[in-house]
>>> print(open('entry_9.txt').read())   # compact mmCIF, C-alpha atoms
# COMPACT_ATOMS: atom_id res chain seq x y z
CA MET A 1 150.74 60.02 60.35
CA THR A 2 147.29 58.52 59.99
CA ILE A 3 146.06 57.78 56.48
CA LYS A 4 142.41 58.76 56.27
CA SER A 5 141.43 56.30 53.60
CA GLY A 6 138.34 54.48 54.76
CA PRO A 7 134.70 55.47 54.22
CA VAL A 8 133.94 57.72 57.16
CA VAL A 9 130.27 56.78 57.33
CA GLY A 10 130.68 53.03 56.89
CA PHE A 11 128.13 50.95 54.98
CA LEU A 12 124.47 51.86 54.89
CA LYS A 13 122.02 49.49 56.50
CA ASN A 14 120.42 48.63 53.17
CA GLY A 15 123.78 47.38 51.85
CA LYS A 16 124.14 50.16 49.28
CA MET A 17 127.46 51.83 48.74
CA PRO A 18 128.10 55.19 50.42
CA MET A 19 130.43 57.67 48.80
CA SER A 20 133.47 58.44 50.90
CA ASN A 21 133.90 62.18 51.38
CA LYS A 22 137.64 61.82 50.86
CA GLY A 23 139.55 58.66 50.23
CA PHE A 24 138.54 55.55 48.36
CA HIS A 25 135.36 54.46 46.64
CA ILE A 26 134.19 50.86 46.92
CA ASP A 27 130.95 48.90 46.70
CA PRO A 28 130.39 46.02 49.16
CA ALA A 29 129.23 43.90 46.21
CA VAL A 30 132.81 43.70 44.88
CA PHE A 31 133.80 41.36 47.71
CA LYS A 32 133.25 37.85 46.35
CA THR A 33 134.03 34.65 48.22
CA TYR A 34 137.72 34.56 47.35
CA ASP A 35 138.45 37.59 45.19
CA ILE A 36 137.45 41.22 44.59
CA ARG A 37 135.88 42.33 41.29
CA GLY A 38 134.01 45.47 40.32
CA LYS A 39 133.37 48.03 37.59
CA VAL A 40 135.85 50.90 37.46
CA PRO A 41 135.23 53.57 38.72
CA GLU A 42 131.55 53.00 39.58
CA GLN A 43 132.25 50.20 42.06
CA ILE A 44 135.97 50.42 42.78
CA ASP A 45 138.75 52.92 42.14
CA ALA A 46 142.54 53.13 42.40
CA ALA A 47 142.39 54.67 45.88
CA ALA A 48 140.55 51.54 46.99
CA ALA A 49 143.39 49.47 45.50
CA GLU A 50 145.84 51.20 47.84
CA GLN A 51 143.53 50.62 50.81
CA ILE A 52 143.17 46.94 49.88
CA ALA A 53 146.96 46.62 49.86
CA ARG A 54 147.14 48.19 53.32
CA ALA A 55 144.47 45.85 54.62
CA PHE A 56 146.32 42.89 53.05
CA VAL A 57 149.38 43.82 55.12
CA ALA A 58 147.27 43.93 58.28
CA GLU A 59 145.75 40.52 57.43
CA VAL A 60 148.86 38.64 56.29
CA GLN A 61 151.71 40.48 58.08
CA PRO A 62 154.19 40.01 55.22
CA LYS A 63 157.71 41.38 54.83
CA THR A 64 157.74 41.06 51.04
CA VAL A 65 154.85 40.76 48.56
CA ILE A 66 154.71 39.69 44.91
CA VAL A 67 152.53 41.92 42.70
CA GLY A 68 151.41 41.48 39.09
CA ARG A 69 148.55 42.37 36.77
CA ASP A 70 146.60 41.15 33.77
CA VAL A 71 146.16 43.18 30.56
CA ARG A 72 143.24 45.39 31.62
CA LEU A 73 143.59 49.06 30.75
CA THR A 74 143.25 50.13 34.39
CA GLY A 75 145.85 47.56 35.44
CA PRO A 76 148.89 49.90 35.52
CA GLU A 77 147.06 52.45 37.67
CA PHE A 78 145.75 49.80 40.06
CA LEU A 79 149.12 48.08 40.30
CA GLU A 80 150.82 51.39 41.09
CA ALA A 81 148.27 52.00 43.85
CA VAL A 82 148.79 48.51 45.29
CA THR A 83 152.55 49.04 45.27
CA SER A 84 152.10 52.38 47.00
CA GLY A 85 149.91 50.87 49.73
CA LEU A 86 152.36 48.06 50.38
CA SER A 87 155.40 50.31 50.37
CA LYS A 88 153.80 52.88 52.70
CA SER A 89 153.04 49.98 55.04
CA GLY A 90 156.75 49.13 55.22
CA VAL A 91 156.55 46.08 52.94
CA ASP A 92 159.02 45.33 50.15
CA VAL A 93 157.49 44.72 46.71
CA ILE A 94 158.55 42.46 43.84
CA ASN A 95 156.70 43.58 40.71
CA ILE A 96 156.53 40.79 38.11
CA GLY A 97 154.59 42.94 35.64
CA GLN A 98 151.95 41.81 33.16
CA VAL A 99 151.42 38.10 33.72
CA SER A 100 148.85 35.32 33.64
CA THR A 101 147.39 34.19 36.95
CA ASP A 102 149.24 30.87 36.83
CA GLU A 103 152.50 32.73 36.19
CA PHE A 104 151.68 34.80 39.29
CA TYR A 105 150.95 31.63 41.27
CA PHE A 106 154.31 30.22 40.19
CA ALA A 107 156.09 33.38 41.40
CA CYS A 108 154.41 33.20 44.83
CA ALA A 109 155.12 29.48 45.17
CA SER A 110 158.71 29.51 43.94
CA LYS A 111 159.65 32.46 46.16
CA LYS A 112 157.45 31.28 49.04
CA LEU A 113 155.85 34.71 49.28
CA PRO A 114 152.31 36.11 49.46
CA GLY A 115 151.05 38.16 46.56
CA ILE A 116 148.41 40.44 45.06
CA MET A 117 147.33 39.99 41.45
CA VAL A 118 145.40 42.84 39.82
CA THR A 119 142.78 41.03 37.73
CA ALA A 120 139.04 40.73 37.24
CA SER A 121 139.16 37.22 35.79
CA HIS A 122 136.57 36.79 33.00
CA ASN A 123 134.62 39.97 33.70
CA PRO A 124 134.25 42.60 30.92
CA LYS A 125 136.98 45.14 30.24
CA GLU A 126 135.35 47.83 32.43
CA TYR A 127 136.06 45.71 35.52
CA ASN A 128 139.13 45.22 37.66
CA GLY A 129 139.93 43.59 40.96
CA PHE A 130 142.29 41.40 42.95
CA LYS A 131 143.31 37.85 43.79
CA MET A 132 145.34 37.71 46.98
CA VAL A 133 147.61 34.79 47.79
CA LYS A 134 148.24 34.28 51.48
CA ASP A 135 150.30 31.12 51.25
CA MET A 136 150.24 29.06 48.07
CA PRO A 137 147.87 27.59 47.10
CA TYR A 138 145.59 29.42 49.51
CA LEU A 139 144.02 32.82 48.85
CA VAL A 140 142.80 35.44 51.28
CA MET A 141 139.04 34.97 51.52
CA ALA A 142 137.79 38.34 50.27
CA SER A 143 134.39 37.97 51.90
CA GLU A 144 136.08 37.64 55.31
CA PHE A 145 138.51 40.46 54.54
CA ARG A 146 135.99 43.22 53.86
CA GLU A 147 135.94 44.88 57.26
CA LYS A 148 139.71 45.48 57.20
CA VAL A 149 139.26 47.32 53.91
CA THR A 150 136.15 49.34 54.61
CA ASN A 151 136.27 50.31 58.25
CA VAL A 152 139.93 50.70 59.23
CA SER A 153 142.41 53.53 58.64
CA TYR A 154 146.09 52.63 58.52
CA GLN A 155 149.26 54.46 59.49
CA ASP A 156 152.36 54.78 57.37
CA ALA A 157 155.31 52.72 58.58
CA LEU A 158 158.30 54.60 59.95
CA LYS A 159 160.31 53.26 56.99
CA ALA A 160 158.79 52.68 53.58
CA GLY A 161 159.34 49.38 51.82
CA SER A 162 161.42 49.01 48.68
CA ALA A 163 160.12 48.09 45.23
CA LYS A 164 161.85 46.27 42.40
CA GLU A 165 160.87 44.64 39.12
CA GLU A 166 161.63 41.01 38.34
CA ASN A 167 160.84 38.86 35.30
CA LEU A 168 160.22 35.20 36.17
CA ARG A 169 158.79 34.10 32.81
CA ALA A 170 161.76 31.94 31.81
CA GLU A 171 161.63 30.09 35.13
CA PHE A 172 157.87 29.65 34.80
CA ILE A 173 158.19 28.15 31.32
CA ASP A 174 161.03 25.87 32.42
CA PHE A 175 158.90 24.67 35.32
CA VAL A 176 155.81 23.76 33.31
CA LEU A 177 157.99 22.07 30.67
CA SER A 178 159.55 19.97 33.45
CA ILE A 179 156.02 18.64 34.11
CA VAL A 180 155.12 18.17 30.43
CA PRO A 181 158.47 17.73 28.63
CA PRO A 182 158.58 18.74 24.95
CA ASP A 183 159.83 15.27 23.96
CA LYS A 184 156.50 13.86 25.19
CA ILE A 185 154.65 15.94 22.60
CA LYS A 186 154.60 14.60 19.04
CA PRO A 187 154.05 17.05 16.18
CA PRO A 188 150.32 17.74 16.01
CA LYS A 189 149.00 20.94 14.47
CA ALA A 190 147.34 23.10 17.11
CA VAL A 191 145.48 26.40 17.02
CA ILE A 192 146.30 28.40 20.14
CA HIS A 193 143.84 31.23 20.88
CA THR A 194 145.15 33.38 23.74
CA SER A 195 142.31 35.93 23.65
CA ASN A 196 144.63 39.00 23.58
CA VAL A 197 145.83 38.32 27.13
CA ALA A 198 149.12 38.01 28.99
CA ILE A 199 149.56 34.32 28.22
CA GLY A 200 150.10 35.16 24.53
CA PRO A 201 153.78 36.11 25.04
CA VAL A 202 154.26 32.87 26.99
CA TRP A 203 153.00 30.85 24.02
CA GLU A 204 155.26 32.89 21.72
CA GLU A 205 158.21 31.48 23.65
CA LEU A 206 156.71 27.99 23.86
CA ALA A 207 156.30 27.96 20.08
CA LEU A 208 160.11 28.05 19.84
CA ARG A 209 160.52 25.08 22.19
CA LEU A 210 157.73 22.68 21.24
CA PRO A 211 158.01 20.26 18.29
CA ILE A 212 154.58 21.17 16.95
CA GLU A 213 153.00 23.49 14.41
CA ILE A 214 151.27 26.31 16.25
CA ILE A 215 148.70 28.49 14.51
CA LYS A 216 148.43 31.71 16.49
CA LEU A 217 145.17 33.52 17.24
CA CYS A 218 144.99 36.84 19.11
CA PHE A 219 148.46 36.61 20.70
CA GLU A 220 148.84 40.39 21.12
CA PRO A 221 147.91 41.55 24.65
CA ASP A 222 145.09 44.09 24.44
CA GLY A 223 142.98 45.21 27.38
CA ASN A 224 140.13 46.10 25.04
CA PHE A 225 139.63 42.33 24.49
CA PRO A 226 138.72 42.83 20.81
CA SER A 227 138.46 39.17 19.77
CA HIS A 228 135.36 38.02 21.72
CA GLY A 229 133.62 38.08 25.09
CA ASN A 230 135.69 37.11 28.10
CA ASP A 231 133.79 34.08 29.40
CA ILE A 232 135.32 31.33 27.29
CA ILE A 233 132.81 28.70 28.40
CA GLN A 234 130.19 30.51 26.27
CA LEU A 235 130.14 28.83 22.86
CA ASP A 236 129.86 32.14 20.98
CA ASN A 237 133.24 33.14 22.38
CA GLN A 238 134.83 29.99 20.93
CA GLU A 239 133.55 30.60 17.39
CA MET A 240 136.79 32.11 16.06
CA LEU A 241 138.74 29.12 17.36
CA ARG A 242 136.32 26.59 15.90
CA LYS A 243 136.50 28.22 12.45
CA LYS A 244 140.29 28.35 12.47
CA VAL A 245 140.62 24.68 13.47
CA LYS A 246 138.40 23.67 10.54
CA GLU A 247 140.12 26.04 8.09
CA THR A 248 143.58 24.73 8.92
CA SER A 249 142.71 21.04 9.49
CA ALA A 250 144.31 21.29 12.91
CA ASP A 251 144.37 18.39 15.37
CA LEU A 252 143.33 20.51 18.34
CA GLY A 253 142.36 24.04 19.37
CA LEU A 254 143.00 25.62 22.77
CA ILE A 255 141.51 28.84 24.16
CA PHE A 256 142.44 30.80 27.30
CA ASP A 257 140.52 33.34 29.38
CA PRO A 258 141.56 36.93 30.30
CA ASP A 259 143.81 36.01 33.23
CA GLY A 260 145.02 32.74 31.69
CA ASP A 261 144.01 30.39 34.49
CA ARG A 262 141.28 28.67 32.45
CA CYS A 263 141.67 26.58 29.31
CA LEU A 264 139.07 24.94 27.08
CA ALA A 265 139.49 22.95 23.87
CA VAL A 266 138.06 22.26 20.42
CA ASP A 267 138.56 18.92 18.64
CA ASP A 268 139.79 18.32 15.08
CA ARG A 269 136.26 18.82 13.68
CA GLY A 270 136.03 22.26 15.24
CA VAL A 271 133.61 20.97 17.88
CA SER A 272 133.83 22.49 21.37
CA ILE A 273 134.67 19.98 24.10
CA PRO A 274 132.54 20.43 27.25
CA GLY A 275 134.49 21.16 30.43
CA ASP A 276 133.49 17.92 32.12
CA TRP A 277 134.56 15.84 29.12
CA LEU A 278 137.84 17.73 29.01
CA THR A 279 138.30 16.91 32.70
CA ALA A 280 137.95 13.22 31.83
CA LEU A 281 140.46 13.41 28.96
CA LEU A 282 143.02 15.25 31.06
CA ALA A 283 142.44 12.74 33.86
CA GLU A 284 143.28 9.89 31.48
CA GLU A 285 146.61 11.55 30.72
CA GLN A 286 147.32 12.13 34.41
CA LEU A 287 146.60 8.50 35.16
CA GLN A 288 149.29 7.47 32.68
CA ASN A 289 151.83 9.04 35.05
CA HIS A 290 149.98 8.28 38.29
CA PRO A 291 148.33 4.84 37.94
CA GLY A 292 145.44 4.27 40.34
CA ALA A 293 145.40 7.89 41.48
CA THR A 294 142.35 9.76 42.75
CA ILE A 295 140.84 12.31 40.37
CA LEU A 296 138.63 15.13 41.66
CA TYR A 297 135.72 16.45 39.59
CA ASP A 298 132.99 18.93 40.45
CA ILE A 299 129.37 18.07 41.16
CA ARG A 300 128.15 19.76 37.96
CA ALA A 301 129.93 17.21 35.74
CA SER A 302 128.16 14.40 33.92
CA ASP A 303 128.65 10.72 34.69
CA ALA A 304 131.16 10.58 31.85
CA VAL A 305 133.88 11.78 34.21
CA PRO A 306 133.69 9.06 36.90
CA ASP A 307 133.03 6.42 34.22
CA MET A 308 136.14 7.38 32.23
CA VAL A 309 138.27 7.74 35.35
CA LYS A 310 137.30 4.23 36.49
CA ALA A 311 137.93 2.83 33.00
CA ALA A 312 141.42 4.34 33.10
CA GLY A 313 142.14 2.73 36.46
CA GLY A 314 141.64 5.79 38.62
CA VAL A 315 139.45 6.60 41.61
CA PRO A 316 136.85 9.34 40.97
CA PHE A 317 136.11 11.78 43.79
CA VAL A 318 133.28 14.31 43.47
CA TRP A 319 133.54 17.67 45.24
CA LYS A 320 131.95 21.10 45.31
CA PRO A 321 133.18 23.68 42.75
CA GLY A 322 135.32 26.70 43.56
CA HIS A 323 139.08 26.81 43.80
CA VAL A 324 139.14 27.56 47.53
CA TYR A 325 137.34 24.27 48.20
CA ILE A 326 139.10 22.20 45.54
CA LYS A 327 142.67 23.22 46.41
CA SER A 328 142.24 22.49 50.10
CA GLU A 329 140.60 19.12 49.48
CA MET A 330 143.21 18.09 46.93
CA GLN A 331 146.03 18.99 49.30
CA LYS A 332 144.31 17.25 52.22
CA ARG A 333 143.94 14.01 50.25
CA GLY A 334 147.03 14.25 48.04
CA ILE A 335 144.87 14.22 44.89
CA VAL A 336 146.97 14.55 41.72
CA PHE A 337 144.43 16.26 39.46
CA GLY A 338 141.10 18.03 39.64
CA GLY A 339 138.82 19.65 37.10
CA GLU A 340 135.83 21.97 36.93
CA VAL A 341 133.38 22.24 34.06
CA SER A 342 134.28 25.95 33.89
CA GLY A 343 137.75 25.15 32.54
CA HIS A 344 139.73 25.39 35.77
CA PHE A 345 142.14 22.46 36.08
CA TYR A 346 144.23 21.80 39.18
CA PHE A 347 147.52 19.92 39.40
CA LYS A 348 149.35 18.55 42.41
CA ASP A 349 152.56 19.16 40.47
CA PHE A 350 151.60 22.85 40.20
CA PHE A 351 151.25 23.50 43.94
CA TYR A 352 147.64 22.16 43.86
CA ALA A 353 146.71 25.30 41.90
CA ASP A 354 144.90 25.80 38.62
CA SER A 355 146.92 26.50 35.48
CA GLY A 356 145.50 27.13 32.04
CA LEU A 357 148.95 26.73 30.49
CA LEU A 358 149.61 23.37 32.12
CA ALA A 359 146.14 22.16 31.10
CA GLY A 360 146.86 23.16 27.51
CA LEU A 361 150.25 21.44 27.46
CA THR A 362 148.75 18.31 29.02
CA MET A 363 146.08 18.29 26.33
CA LEU A 364 148.78 18.50 23.64
CA GLN A 365 150.50 15.55 25.27
CA TYR A 366 147.23 13.63 25.35
CA VAL A 367 146.54 14.21 21.65
CA SER A 368 150.13 13.23 20.84
CA GLY A 369 149.49 9.81 22.33
CA LEU A 370 146.34 9.06 20.32
CA ALA A 371 146.42 6.66 17.40
CA THR A 372 143.28 8.24 15.93
CA PRO A 373 141.87 11.79 15.79
CA LEU A 374 140.73 13.44 19.01
CA SER A 375 137.15 13.45 17.73
CA ASP A 376 137.09 9.68 18.12
CA LYS A 377 137.26 10.20 21.88
CA ILE A 378 134.42 12.72 22.07
>>> encode(input="entry_9.txt", output="structure tokens")
Amino acid sequence: MTIKSGPVVGFLKNGKMPMSNKGFHIDPAVFKTYDIRGKVPEQIDAAAAEQIARAFVAEVQPKTVIVGRDVRLTGPEFLEAVTSGLSKSGVDVINIGQVSTDEFYFACASKKLPGIMVTASHNPKEYNGFKMVKDMPYLVMASEFREKVTNVSYQDALKAGSAKEENLRAEFIDFVLSIVPPDKIKPPKAVIHTSNVAIGPVWEELALRLPIEIIKLCFEPDGNFPSHGNDIIQLDNQEMLRKKVKETSADLGLIFDPDGDRCLAVDDRGVSIPGDWLTALLAEEQLQNHPGATILYDIRASDAVPDMVKAAGGVPFVWKPGHVYIKSEMQKRGIVFGGEVSGHFYFKDFFYADSGLLAGLTMLQYVSGLATPLSDKI
């Protein structure tokens, strides 16, 4: 049977959103360059999530798809709708549950499968959306995907796909600890602020395996995001972390964003470290393992990044920001590490993808190797 799920009237000429008379509700503004994000239900609803899943099948032609979600309150409803759209399209579904984006990336890469992550990144709690992996590390370009969502109706497959749940957290943790082994981390004291998101439970398990003192902040997942605003690059949203570092005389503070793919840091004085400077520090650590390697940084960074990379024996390479552009360029050139001032850090060892967790662990390793406080490097 035909599923009547697209807007019958299409988009208006002025670009405003029409209301579908039956079916889904979606605003063209939710289609960003490489993901989909909008306010629920004003800009996007659960019926649209099912339609997006159907369009994803038409675009990617998968047999099996990984699905997961962040902690947003509308996440369960959206994930159920995505699963329904995939299953009705004849595609098998592996549901990995509530996860960080880098945990989702690991699942797609380790199983060599495409995937749909229900997340709105650092947008406020009223928002939700999707990141869609076509083939790790590459995402479906949402801006090029819009027509398949808005103007096509899809038929049910003759046989529905199956759906099962699978927990890959242990494998994910083992993998990142194979890149940054616990014995490379000496016992600093670190404040870990996980912003009430899905990466909190990951750090709960890491706390049992790392030889360090971890002071926990906001580890409980909560889609209301009660601790602070979601854009962690804003200094106001780091205030809780800065205070706790100073109160506890910690060596380092780390903070993660709502989907866990970004990480920023505070030094032992409780001073926020700018994203470009953090890129340079992480690059120094990468160059310990990859002498003479090329390090990518984005065009918004200060001259401190290429200067520090050269001083550490590396080759600086400037590139435009945005993970679609950075991942492809890193893979093309075999670049071992890349950083954006926004707190996205990319690792060749992590499928050329960005990982907030791996950035945080690498920063702990970096601080472990210092003979003086981190503030001496800032």
>>> closest_residue(input="entry_9.txt", among="A:Asp303, A:Asp261, A:Glu204, A:Glu284", to="Gly360 (chain A)", atoms="all atoms listed in the file")
A:Asp261
>>> residues_around(input="entry_9.txt", residues="Pro114 (chain A)", least_positions_apart="2", cutoff="9 Å", atoms="all atoms listed in the file", output="list of chain:residue names")
A:Val60, A:Pro62, A:Thr64, A:Val65, A:Ile66, A:Val67, A:Cys108, A:Ala109, A:Lys111, A:Lys112, A:Ile116, A:Met132, A:Val133, A:Lys134, A:Asp135, A:Met136, A:Leu139
>>> atom_distance(input="entry_9.txt", atom1="CA of Arg169 (chain A)", atom2="CA of His344 (chain A)")
21.2 Å
>>> residues_around(input="entry_9.txt", residues="His193 (chain A)", least_positions_apart="5", cutoff="7 Å", atoms="only C-alpha atoms", output="JSON, numbers by chain")
{"A": [216, 217, 218, 241, 254, 255, 256]}
>>> closest_atom_pairs(input="entry_9.txt", of="region 60-176 of chain A", to="region 30-34 of chain A", cutoff="8 Å", atoms="all atoms listed in the file", output="JSON lines")
{"residue": "A:Lys131", "atom": "CA", "partner": "A:Tyr34", "partner_atom": "CA", "distance": 7.4}
{"residue": "A:Leu139", "atom": "CA", "partner": "A:Tyr34", "partner_atom": "CA", "distance": 6.7}
{"residue": "A:Val140", "atom": "CA", "partner": "A:Tyr34", "partner_atom": "CA", "distance": 6.5}
{"residue": "A:Met141", "atom": "CA", "partner": "A:Tyr34", "partner_atom": "CA", "distance": 4.4}
{"residue": "A:Ala142", "atom": "CA", "partner": "A:Tyr34", "partner_atom": "CA", "distance": 4.8}
{"residue": "A:Ser143", "atom": "CA", "partner": "A:Thr33", "partner_atom": "CA", "distance": 5.0}
{"residue": "A:Glu144", "atom": "CA", "partner": "A:Thr33", "partner_atom": "CA", "distance": 8.0}
{"residue": "A:Arg146", "atom": "CA", "partner": "A:Phe31", "partner_atom": "CA", "distance": 6.8}
>>> atom_distance(input="entry_9.txt", atom1="CA of Ala49 (chain A)", atom2="CA of Lys125 (chain A)")
17.1 Å
>>> closest_residue(input="entry_9.txt", among="A:Lys148, A:Lys246, A:Arg54, A:His122", to="Thr83 (chain A)", atoms="all atoms listed in the file")
A:Arg54
>>> closest_residue(input="entry_9.txt", among="A:Pro41, A:Tyr138, A:Leu370, A:Glu166", to="Met330 (chain A)", atoms="only C-alpha atoms")
A:Tyr138
>>> atom_distance(input="entry_9.txt", atom1="CA of Gln61 (chain A)", atom2="CA of Glu171 (chain A)")
27.1 Å
>>> closest_residue(input="entry_9.txt", among="A:Glu329, A:Val341, A:Pro188, A:Pro321", to="Leu374 (chain A)", atoms="all atoms listed in the file")
A:Pro188
>>> residues_near_point(input="entry_9.txt", point="(157.2, 18.4, 33.8)", cutoff="10 Å", atoms="only C-alpha atoms", output="PyMOL selection string")
chain A and resi 174-182+184+349-350+358+361-362
>>> residues_around(input="entry_9.txt", residues="Ser272 (chain A)", least_positions_apart="5", cutoff="10 Å", atoms="only C-alpha atoms", output="number ranges by chain")
A: 233, 235, 238-239, 241-242, 253-254, 264-267, 278, 378
>>> closest_residue(input="entry_9.txt", among="A:Val152, A:Val305, A:Val315, A:Ala46", to="Glu59 (chain A)", atoms="only C-alpha atoms")
A:Val152
>>> residues_near_point(input="entry_9.txt", point="(159.5, 32.5, 27.9)", cutoff="6 Å", atoms="all atoms listed in the file", output="ChimeraX atom specification")
/A:169-170,173,202,205
>>> write_last_selection(input="entry_9.txt", atoms="C-alpha atoms", output="short mmCIF file (atom, residue, chain, number, x, y, z; two decimals), keeping the file's coordinate frame")
data_model
loop_
_atom_site.label_atom_id
_atom_site.label_comp_id
_atom_site.auth_asym_id
_atom_site.auth_seq_id
_atom_site.Cartn_x
_atom_site.Cartn_y
_atom_site.Cartn_z
CA ARG A 169 158.79 34.10 32.81
CA ALA A 170 161.76 31.94 31.81
CA ILE A 173 158.19 28.15 31.32
CA VAL A 202 154.26 32.87 26.99
CA GLU A 205 158.21 31.48 23.65
#
